[in-house]
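K.L.:
Here it is, the structure, as structure tokens.
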Number of protein chains: 2
Amino acid sequence: MQGICETIPALAAEKYVYDFDEPSDGGRELLGGKGIGLAEMTQLGIPVPAGFTITTDACRAYMASPGGLPDGLEEEVEEHLRALEERTGKRFGDPNDPLLVSVRSGAAISMPGMMDTILNVGLNDVSVDGLARATGNEWFARDCYRRLIEMYGETVDDVHNRRFDADRESPADAIERLRATYREGTGSDFPQDPREQLHHAIVAVFESWQSPRAQAYRRMYEIPDDLGTAVNIVQMVFGNKGDNSGTGVAFTRDPSTGEQGLYGEFLTNAQGEDVVAGIRTPEPIAQMREQLPAPFEQLLETMRRLEEHYRDMQDIEFTVEDNALYLLQTRSAKRTAAASVKAAVDMVEEGLITHEEAVARIDPQQLDQLLHPMLDPTAEWEVAAKGLNASPGAAAGKIVLDADTAERRGKAGEKVILVRWETTPDDIHGLIHAAGILTAHGGMTSHAAVVARGMGKPCVAGCDTLSIDIDARKITLRDQTLSEGDVLTIDGGTGAVIVGEVPLVPPQVNDDLETILGWGDEHRRLGVRANADTPEDAAKAREFGAQGIGLCRTEHMFMAEDRLPVVREMILAEDEHGRRAALDKLLPMQQGDFEAIFEVMAGLPVTIRLLDPPLHEFLPSLEQAKDERMRRRIKQLQESNPMLGTRGCRLGLQWPEIYEMQVRAIVRAARGVEERTGDAPLVEIMHPLVAFEEELRRLRELTVQVADEEAPDVEYLCGTMIELPRACIRADEIAKHADFFSFGTNDLTQTALGFSRDDAEGKFLTFYLEDGVLERNPFETLDQSGVGDLMRIGVERGRARKPQLKLGICGEHGGEPKSVAFCHELGLDYVSCSPFRVPLARLAAAQAALAEAGSPAYATAGG
Amino acid sequence: MQGICETIPALAAEKYVYDFDEPSDGGRELLGGKGIGLAEMTQLGIPVPAGFTITTDACRAYMASPGGLPDGLEEEVEEHLRALEERTGKRFGDPNDPLLVSVRSGAAISMPGMMDTILNVGLNDVSVDGLARATGNEWFARDCYRRLIEMYGETVDDVHNRRFDADRESPADAIERLRATYREGTGSDFPQDPREQLHHAIVAVFESWQSPRAQAYRRMYEIPDDLGTAVNIVQMVFGNKGDNSGTGVAFTRDPSTGEQGLYGEFLTNAQGEDVVAGIRTPEPIAQMREQLPAPFEQLLETMRRLEEHYRDMQDIEFTVEDNALYLLQTRSAKRTAAASVKAAVDMVEEGLITHEEAVARIDPQQLDQLLHPMLDPTAEWEVAAKGLNASPGAAAGKIVLDADTAERRGKAGEKVILVRWETTPDDIHGLIHAAGILTAHGGMTSHAAVVARGMGKPCVAGCDTLSIDIDARKITLRDQTLSEGDVLTIDGGTGAVIVGEVPLVPPQVNDDLETILGWGDEHRRLGVRANADTPEDAAKAREFGAQGIGLCRTEHMFMAEDRLPVVREMILAEDEHGRRAALDKLLPMQQGDFEAIFEVMAGLPVTIRLLDPPLHEFLPSLEQAKDERMRRRIKQLQESNPMLGTRGCRLGLQWPEIYEMQVRAIVRAARGVEERTGDAPLVEIMHPLVAFEEELRRLRELTVQVADEEAPDVEYLCGTMIELPRACIRADEIAKHADFFSFGTNDLTQTALGFSRDDAEGKFLTFYLEDGVLERNPFETLDQSGVGDLMRIGVERGRARKPQLKLGICGEHGGEPKSVAFCHELGLDYVSCSPFRVPLARLAAAQAALAEAGSPAYATAGG
């Protein structure tokens, strides 16, 4: 028995090759995107050249022991090649009328331009003449041969050539030149054996999967390294056979707008690489109707059938050989967010897809494009410098070098770009009044970046070729020197910095997007709120469909110009009495802040976080301090690791009068707004940085006491941020005193990983990401297995103690699609993110719900 | 049916009172320490006054609804009072020969002096004369009455009096004076009804459980608030009846040394309070042999029986009335560490207790006393200032104000005390050569404190009345100004700072302690290692019984005077080449360091942690930097939160040449020592601050590669610190690449709680501890429910992946008894602590093992 079992694996030899008309169970993963498309088209009866696919399994086997092809593969290829010869009636290597093939890469996930293709494999010095005779077209035959030598040399042997220029050189001359270069580069002649060519071409495609640029692309798009590529061996059809031939690419709808109708480009008497490489300028595809009317009609009909079959917008490659149309590839079309949205809504109307599929089709990450002004794509510009794409959108304005100037000129109606080494909370008034922010220093989570994203304002951060001479009021961008007042345009979506003004186009929010978000909302389980500190932000949030405010920070209110002196008075006070006197002055201002926000959010929940940052953030720097008392206090408040110091509820416990004032302002404002408008806001009072049950017990007591004293009829919830590992671990104890938890995943990431946000980017985290120690920035994409698992513990333990505990997230991860899906899975009640990311979060939440419900949209869509 | 069930609880009335001769199942918890002692002595036939005990249950019922006594209690008291009257033949309230009682508190855990006692309850204006007649001793009767009024006034009604002075006042005058004060203080006359007196006395004892001083005491000694106190009502016996009477306290052995033999004090013609309150100076108990020979012999015999019964050293109170001996109390004696050890060993030899019980008897926390020099208790001194007792032991020496001077004078053989605002790693050479350290700033985990404890050197830290004028080379302690060179004595065990030299007594390590530790080692499951960075520390550790080194830090080696310039050269190098050149110079030095340690630790494991601190710690401060290049580098390396910045394995990954050099030095040293001595050290290479699997995967690869290249035959383990929450959470993944984990609970506490050690003490943590938000400093006692639960997750997940994973702890908690017990429970393989805490950890680990094994020592011992 055992003997038999042991031999079975050896007997069941791997099958590595499938003809296009041969069914397989492996689908896209096994055959790659191009292979599955060719097989499906073949099986649909759409004209496709004959051929076969070497599977991704073969590529993985090759990667496991590189150098030689996996056992049995060459025999299989030979077998399928013979079948191809039979089908086409031509012979591979025939000196008179040879069968030629293309060897094309094709991974399961499209990586455009990343891997290699070789055309015309099978030609040699002898058969080129045979081909010339058989087609009666010597130019064509020599053109085919020179393409083979050129592509083969580059791909297989890394021999690079001057490009062919038909105006200055004949194909025959080119062949001579290329052969000489090949000999020079490799030390041997261009291989004449067609089977040797084929073998090396297959190896080269496998190798191209591991090329540095392919690896970089996969890292960027988070494509697993072990997918591998398939190799398609396809009978050559020739678009370069004369004026009845041609080649083109086409989309079934406009990939920029989503409008229906054919969209693409076309070249007569050309092979595909000419279109892709931009050697000749292609014509709009509509021209084909005149030049090749029959193939054009056939193309229209084929594209209709493909959309019907795939129920999605397609991007195809085709060739016409002597008026006969061949499809070489079909795939789901890459498109702009606008096109994505428009096409999905149209397809629902056309009955092609369901609401659920339409929701599934939109990439939430792409929506950012729709929600900010952009550089006018028809304008021309030159990028003077590049920084990090820290906050999307574009802005143009005059350079200003400090926050006061930004405020003054901004208030005066000028568009200004605030340009700083980096920003601090002291600059907040300048940020508010700037159209955009450009910094030389700091990363994606620097102060400028975070604040700008919160405000939905463009920001380019960490632009390291920018230097600022504040005394001379000048900046230098690489080698260009500009003065304050000169005009600059920045694109926070790409990180581009442009000297001068580039025209902008307004955000493309439209009814189609609202329609799809509405369809998604029907399925969504997760609530979506916004982080908003001002009535303006709150209004924006509501406009984008936020169902409440999940995080209203109060420190920005303390920073306002009219408050800061009073806040400093409070901090400098010698005793509680002095502090209370200052706080009494702040109370009506805070109350006003809250009233304005409550009015905008009438009927919706508003979570207000009590004061969180260390007090020294409200004081000037030691150098700027004017008197000894201030200097002493600054020194007293200095901390080695302020992130882990006297902040959050530690402030509220040590100086309870601060939180008392804030609670008083909140309940007064709530009562006032209710009396005035009849609509009560749903107030949630949130205590930050709780680690121990006793902290929240005391603060809840304080909250209840002040609220009872002030406005016993106002209803509110009292809860806490969960932003420290201990709070997750002891969520059971903390839940006793909380009506809600809001996961603060920014700080939770800092403490769980021991990564200071301020110190990680541009330093070790940048190194980690570049060097591949980490695949993703944990401040952008939630570290699900680490930080996420702590959250899971927090959810389980918190709900075990109090099943009705309300759970949300208000870190920046709340607006990142993968993290939103994770929050859905955790069973949170809501996510909260910057107003501009609310649509994105709504969509991601809907997709998570649909995926969980096993919606068929999630089995068929994507690709 | 239901009706019956419901009424059962009401029918089963609570029993609140037990006569001394009435058995109960409740033991010490129910009857309190004094009550159980009186009951047990009564039942042993030892002469004890008659009486009864009101249980702690009654106290708890009283606390649940204070004001009145619990239902049924007064009736029970009345019933037992009648039984007492029958037994004594006297009547409570009899005007002629009244029964008098004392009302004494007594909790389950002794709280000496914290709660109240009232003597002579039952006397009034009438019966005082009856008592005088019945005893024929008017002075005695009046003396009893004045004591009652005095104690009752203080205890029940909070009326405080001038003390009685027999030389200046008669008891009769005192009565008049006390009655007047009582009337003034309370507005009514001293109560004449004995039953009213008794009622209020009981209430007063219950109330005393809740007094602020009792609460403070419980907090300090971690005694639960809901234990409650029992109340003992005891027939009065009178030591103040004349020269045939007296009272005393005695220990069955010397509580200072543990030497066998009677030890105590005695007063003729006195009541117990006179001894306790120090009103009259008592005589050594040996005097009693002459004055009261018969009671003395009886006392000796009774004490022998008590030790035999309790199998522990006893502390008793007794009274002699007319030559008749009565025991009023017996309890386990409080004693010094030395006495504890000596008595336990003696009792094993005497056959009184087992080895296990001897081990159980020693409080590990107390051992610190034995392992450091102390101030001579016979000397006199005045405390000039107080700081934190940061590192135990005492030292006297000349004041020096900087590390260089400390080193120079220390090397020259002078005893010096290094006095600094605070210390930094730059001061390490000064710390090494100082006899003790005094700082004005910093807490229990400040640099000075941590390093001093590691070195077993006295340190008083955070002495806030100390100021230093470095220019004038003077210091001020409160209002005394001293110059560099003046002599100071510090006591790191108490935090005392004394001007001038106080004589010291050497540490009392002795054979008895070794004997007990040896008995404990037989039961211990947890290994005990030491944290040691030098051969000297390693030797000390071995001497104290360490079974290896659990943490050898390499950064101190980098700080040494001859290394620092080379280390700086490495940090300032422009490229890898420059860094390698500097590292090549460091290599032989590091190798030498390791060789010296390996030789001392021959045959035992040595865990070496690769470089951990951020590089800027090796550079001078920005102000001290001498050239622009240095300043630029310092600025580059500056971080907002260095704790969460570029340190630990993040250094090793970014500049692998540093760790390569260290690994090379380690394996070379290991090979060298093995070749020279034939004894291979068991090397464990430890990578710090790992959060992600990929970090350790790469570092393990580096380690293996260098070791294979350098000395393929050297055996070693490769592991990691677990000191970040994420590392606990993803211990399963990290374990794949680790042979061992060592929990770094210092940093784990910082990150899990979000508490910066540098910023917590003296700031919010001090406030938290003072205000009771936290009961214990989590940097001293492991936060078991938070940090400990993270460790538990780490242990479970790590061992699930790799069952043979070696687990240890090397945070400072490794030397704290409660945390050692927790580590035992977690199933760690070893704890590692400073060399001086090794005996303590051995003992705590043995106790944990015995407790777990259910050793009867842990059921009977303690109290």
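Identifiers for the structure tokens are assigned positionally: chains receive A, B, ... in sequence, residues are indexed from 1 per chain, and ligands are indexed from 1 in the order shown.
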Name all residues at most 6 Å from stretch 391-400 of chain A (count only C-alpha atoms; drop same-chain ones fewer than 5 positions away) and give them as a VMD selection string.
P.N.:
chain A and resid 372 to 374 406 415 to 418 436 453 458 to 459 484 to 493 501
K.L.:
Could you list the residues in chain A lying within 7 Å of chain B, using only C-alpha atoms, and format the result as a PyMOL selection string?
P.N.:
chain A and resi 639-646+650+691+694-695+724-726+729-730+751-756+758-760+764+773+786-787
K.L.:
At a cut-off of 8 Å, using only C-alpha atoms, what residues contact A:Met115? Leave out same-chain residues fewer than 5 positions from it and give the result as a list in words.
P.N.:
Ser105, Val205, Ser208, Trp209 and Ala214 of chain A
K.L.:
For the structure I just gave you, how does DSSP split stretch 585-819 of chain A - specifically, which residues are strand (DSSP E or B)? Reply as a list in words.
P.N.:
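Assigned to strand (DSSP E or B), within stretch 585-819 of chain A: Pro605, Val606, Thr607, Ile608, Arg609, Leu682, Val683, Glu684, Ile685, Met686, His687, Tyr716, Leu717, Cys718, Gly719, Thr720, Met721, Ile722, Phe740, Phe741, Ser742, Phe743, Lys806, Leu807, Gly808 and Ile809 of chain A.
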K.L.:
Write to file, as a PDB file, in the first residue's frame, the residues of the selection just made, with N, CA and C atoms.
P.N.:
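Result written to part_27.pdb:
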ATOM      1  N   PRO A 605     -24.571  62.616  16.013  1.00  0.00           N
ATOM      2  CA  PRO A 605     -23.630  62.571  17.143  1.00  0.00           C
ATOM      3  C   PRO A 605     -22.356  63.377  16.882  1.00  0.00           C
ATOM      4  N   VAL A 606     -21.866  64.008  17.943  1.00  0.00           N
ATOM      5  CA  VAL A 606     -20.601  64.758  17.873  1.00  0.00           C
ATOM      6  C   VAL A 606     -19.730  64.309  19.048  1.00  0.00           C
ATOM      7  N   THR A 607     -18.582  63.720  18.729  1.00  0.00           N
ATOM      8  CA  THR A 607     -17.663  63.260  19.773  1.00  0.00           C
ATOM      9  C   THR A 607     -16.601  64.327  19.992  1.00  0.00           C
ATOM     10  N   ILE A 608     -16.572  64.862  21.205  1.00  0.00           N
ATOM     11  CA  ILE A 608     -15.603  65.912  21.501  1.00  0.00           C
ATOM     12  C   ILE A 608     -14.511  65.351  22.391  1.00  0.00           C
ATOM     13  N   ARG A 609     -13.287  65.464  21.912  1.00  0.00           N
ATOM     14  CA  ARG A 609     -12.166  65.004  22.726  1.00  0.00           C
ATOM     15  C   ARG A 609     -11.662  66.152  23.581  1.00  0.00           C
ATOM     16  N   LEU A 682     -26.313  65.050  19.627  1.00  0.00           N
ATOM     17  CA  LEU A 682     -26.011  63.877  20.449  1.00  0.00           C
ATOM     18  C   LEU A 682     -24.553  63.979  20.884  1.00  0.00           C
ATOM     19  N   VAL A 683     -24.363  64.474  22.084  1.00  0.00           N
ATOM     20  CA  VAL A 683     -23.015  64.815  22.530  1.00  0.00           C
ATOM     21  C   VAL A 683     -22.308  63.595  23.106  1.00  0.00           C
ATOM     22  N   GLU A 684     -21.081  63.384  22.682  1.00  0.00           N
ATOM     23  CA  GLU A 684     -20.241  62.324  23.238  1.00  0.00           C
ATOM     24  C   GLU A 684     -18.949  62.954  23.744  1.00  0.00           C
ATOM     25  N   ILE A 685     -18.722  62.848  25.048  1.00  0.00           N
ATOM     26  CA  ILE A 685     -17.542  63.475  25.643  1.00  0.00           C
ATOM     27  C   ILE A 685     -16.446  62.418  25.764  1.00  0.00           C
ATOM     28  N   MET A 686     -15.296  62.713  25.189  1.00  0.00           N
ATOM     29  CA  MET A 686     -14.255  61.685  25.064  1.00  0.00           C
ATOM     30  C   MET A 686     -12.978  62.076  25.803  1.00  0.00           C
ATOM     31  N   HIS A 687     -12.527  61.187  26.666  1.00  0.00           N
ATOM     32  CA  HIS A 687     -11.305  61.409  27.440  1.00  0.00           C
ATOM     33  C   HIS A 687     -10.148  60.685  26.757  1.00  0.00           C
ATOM     34  N   TYR A 716     -25.947  62.938  27.220  1.00  0.00           N
ATOM     35  CA  TYR A 716     -24.624  62.821  26.602  1.00  0.00           C
ATOM     36  C   TYR A 716     -24.076  61.434  26.906  1.00  0.00           C
ATOM     37  N   LEU A 717     -23.081  61.058  26.159  1.00  0.00           N
ATOM     38  CA  LEU A 717     -22.343  59.838  26.470  1.00  0.00           C
ATOM     39  C   LEU A 717     -20.957  60.243  26.953  1.00  0.00           C
ATOM     40  N   CYS A 718     -20.359  59.382  27.762  1.00  0.00           N
ATOM     41  CA  CYS A 718     -19.004  59.638  28.257  1.00  0.00           C
ATOM     42  C   CYS A 718     -18.165  58.415  27.910  1.00  0.00           C
ATOM     43  N   GLY A 719     -17.073  58.652  27.194  1.00  0.00           N
ATOM     44  CA  GLY A 719     -16.255  57.511  26.753  1.00  0.00           C
ATOM     45  C   GLY A 719     -14.802  57.867  26.664  1.00  0.00           C
ATOM     46  N   THR A 720     -14.061  57.038  25.974  1.00  0.00           N
ATOM     47  CA  THR A 720     -12.607  57.233  25.952  1.00  0.00           C
ATOM     48  C   THR A 720     -11.997  56.810  24.622  1.00  0.00           C
ATOM     49  N   MET A 721     -10.872  57.439  24.306  1.00  0.00           N
ATOM     50  CA  MET A 721     -10.010  56.950  23.240  1.00  0.00           C
ATOM     51  C   MET A 721      -9.359  55.667  23.755  1.00  0.00           C
ATOM     52  N   ILE A 722      -9.201  54.710  22.852  1.00  0.00           N
ATOM     53  CA  ILE A 722      -8.375  53.538  23.168  1.00  0.00           C
ATOM     54  C   ILE A 722      -7.164  53.676  22.257  1.00  0.00           C
ATOM     55  N   PHE A 740     -18.634  54.514  25.341  1.00  0.00           N
ATOM     56  CA  PHE A 740     -18.077  54.216  24.020  1.00  0.00           C
ATOM     57  C   PHE A 740     -16.556  54.192  24.073  1.00  0.00           C
ATOM     58  N   PHE A 741     -15.994  53.496  23.100  1.00  0.00           N
ATOM     59  CA  PHE A 741     -14.548  53.492  22.854  1.00  0.00           C
ATOM     60  C   PHE A 741     -14.339  54.069  21.459  1.00  0.00           C
ATOM     61  N   SER A 742     -13.294  54.855  21.291  1.00  0.00           N
ATOM     62  CA  SER A 742     -12.892  55.239  19.947  1.00  0.00           C
ATOM     63  C   SER A 742     -11.411  54.906  19.808  1.00  0.00           C
ATOM     64  N   PHE A 743     -11.093  53.973  18.923  1.00  0.00           N
ATOM     65  CA  PHE A 743      -9.701  53.563  18.767  1.00  0.00           C
ATOM     66  C   PHE A 743      -8.900  54.675  18.111  1.00  0.00           C
ATOM     67  N   LYS A 806     -20.419  51.183  22.442  1.00  0.00           N
ATOM     68  CA  LYS A 806     -20.322  51.739  21.096  1.00  0.00           C
ATOM     69  C   LYS A 806     -18.846  51.801  20.708  1.00  0.00           C
ATOM     70  N   LEU A 807     -18.506  51.348  19.506  1.00  0.00           N
ATOM     71  CA  LEU A 807     -17.089  51.267  19.140  1.00  0.00           C
ATOM     72  C   LEU A 807     -16.819  51.969  17.820  1.00  0.00           C
ATOM     73  N   GLY A 808     -15.790  52.790  17.819  1.00  0.00           N
ATOM     74  CA  GLY A 808     -15.419  53.476  16.594  1.00  0.00           C
ATOM     75  C   GLY A 808     -13.915  53.587  16.464  1.00  0.00           C
ATOM     76  N   ILE A 809     -13.487  54.198  15.384  1.00  0.00           N
ATOM     77  CA  ILE A 809     -12.066  54.456  15.174  1.00  0.00           C
ATOM     78  C   ILE A 809     -11.952  55.884  14.680  1.00  0.00           C
TER      79      ILE A 809
END
K.L.:
Within 10 Å of B:Val566, counting only C-alpha atoms, which residues show up once you throw out same-chain ones fewer than 2 positions away? Write them as a ChimeraX atom specification, please.
P.N.:
/B:558,561-564,568-572,579,581-586
K.L.:
With a distance cut-off of 10 Å and only C-alpha atoms, select the neighbouring residues of stretch 263-273 of chain A, excluding the residue or stretch itself and same-chain residues fewer than 4 positions from it, and output the selection as a ChimeraX atom specification.
P.N.:
/A:117-119,140,143-144,147,237-255,259,277-288,291-292,315-322,328
K.L.:
Counting only C-alpha atoms, what is within 8 Å of B:Ala172, bar same-chain residues fewer than 2 positions away, as a ChimeraX atom specification?
P.N.:
/B:142-143,146,170,174-176
K.L.:
Using atom CA of B:His160 and atom CA of B:Gly67 as the two end points, give the distance in Å to one decimal.
P.N.:
22.6 Å
K.L.:
Please provide as a PyMOL selection string all residues within 12 Å of A:Met151, with the sequence filter that same-chain residues fewer than 4 positions apart are discarded (counting only C-alpha atoms).
P.N.:
chain A and resi 102-104+116-121+144-147+155-164+178-179+182+190+197+201+204+273
K.L.:
What does the distance from atom CA of A:Ile46 to atom CA of A:Ser110 come to in Å, to one decimal?
P.N.:
21.7 Å
K.L.:
Taking only stretch 397-617 of chain A into account, list the residues labelled helix (DSSP H, G or I) by DSSP (computed from the backbone), as a ChimeraX atom specification.
P.N.:
/A:403-411,425-433,447-455,511-521,535-543,555-559,564-572,576-600,615-617
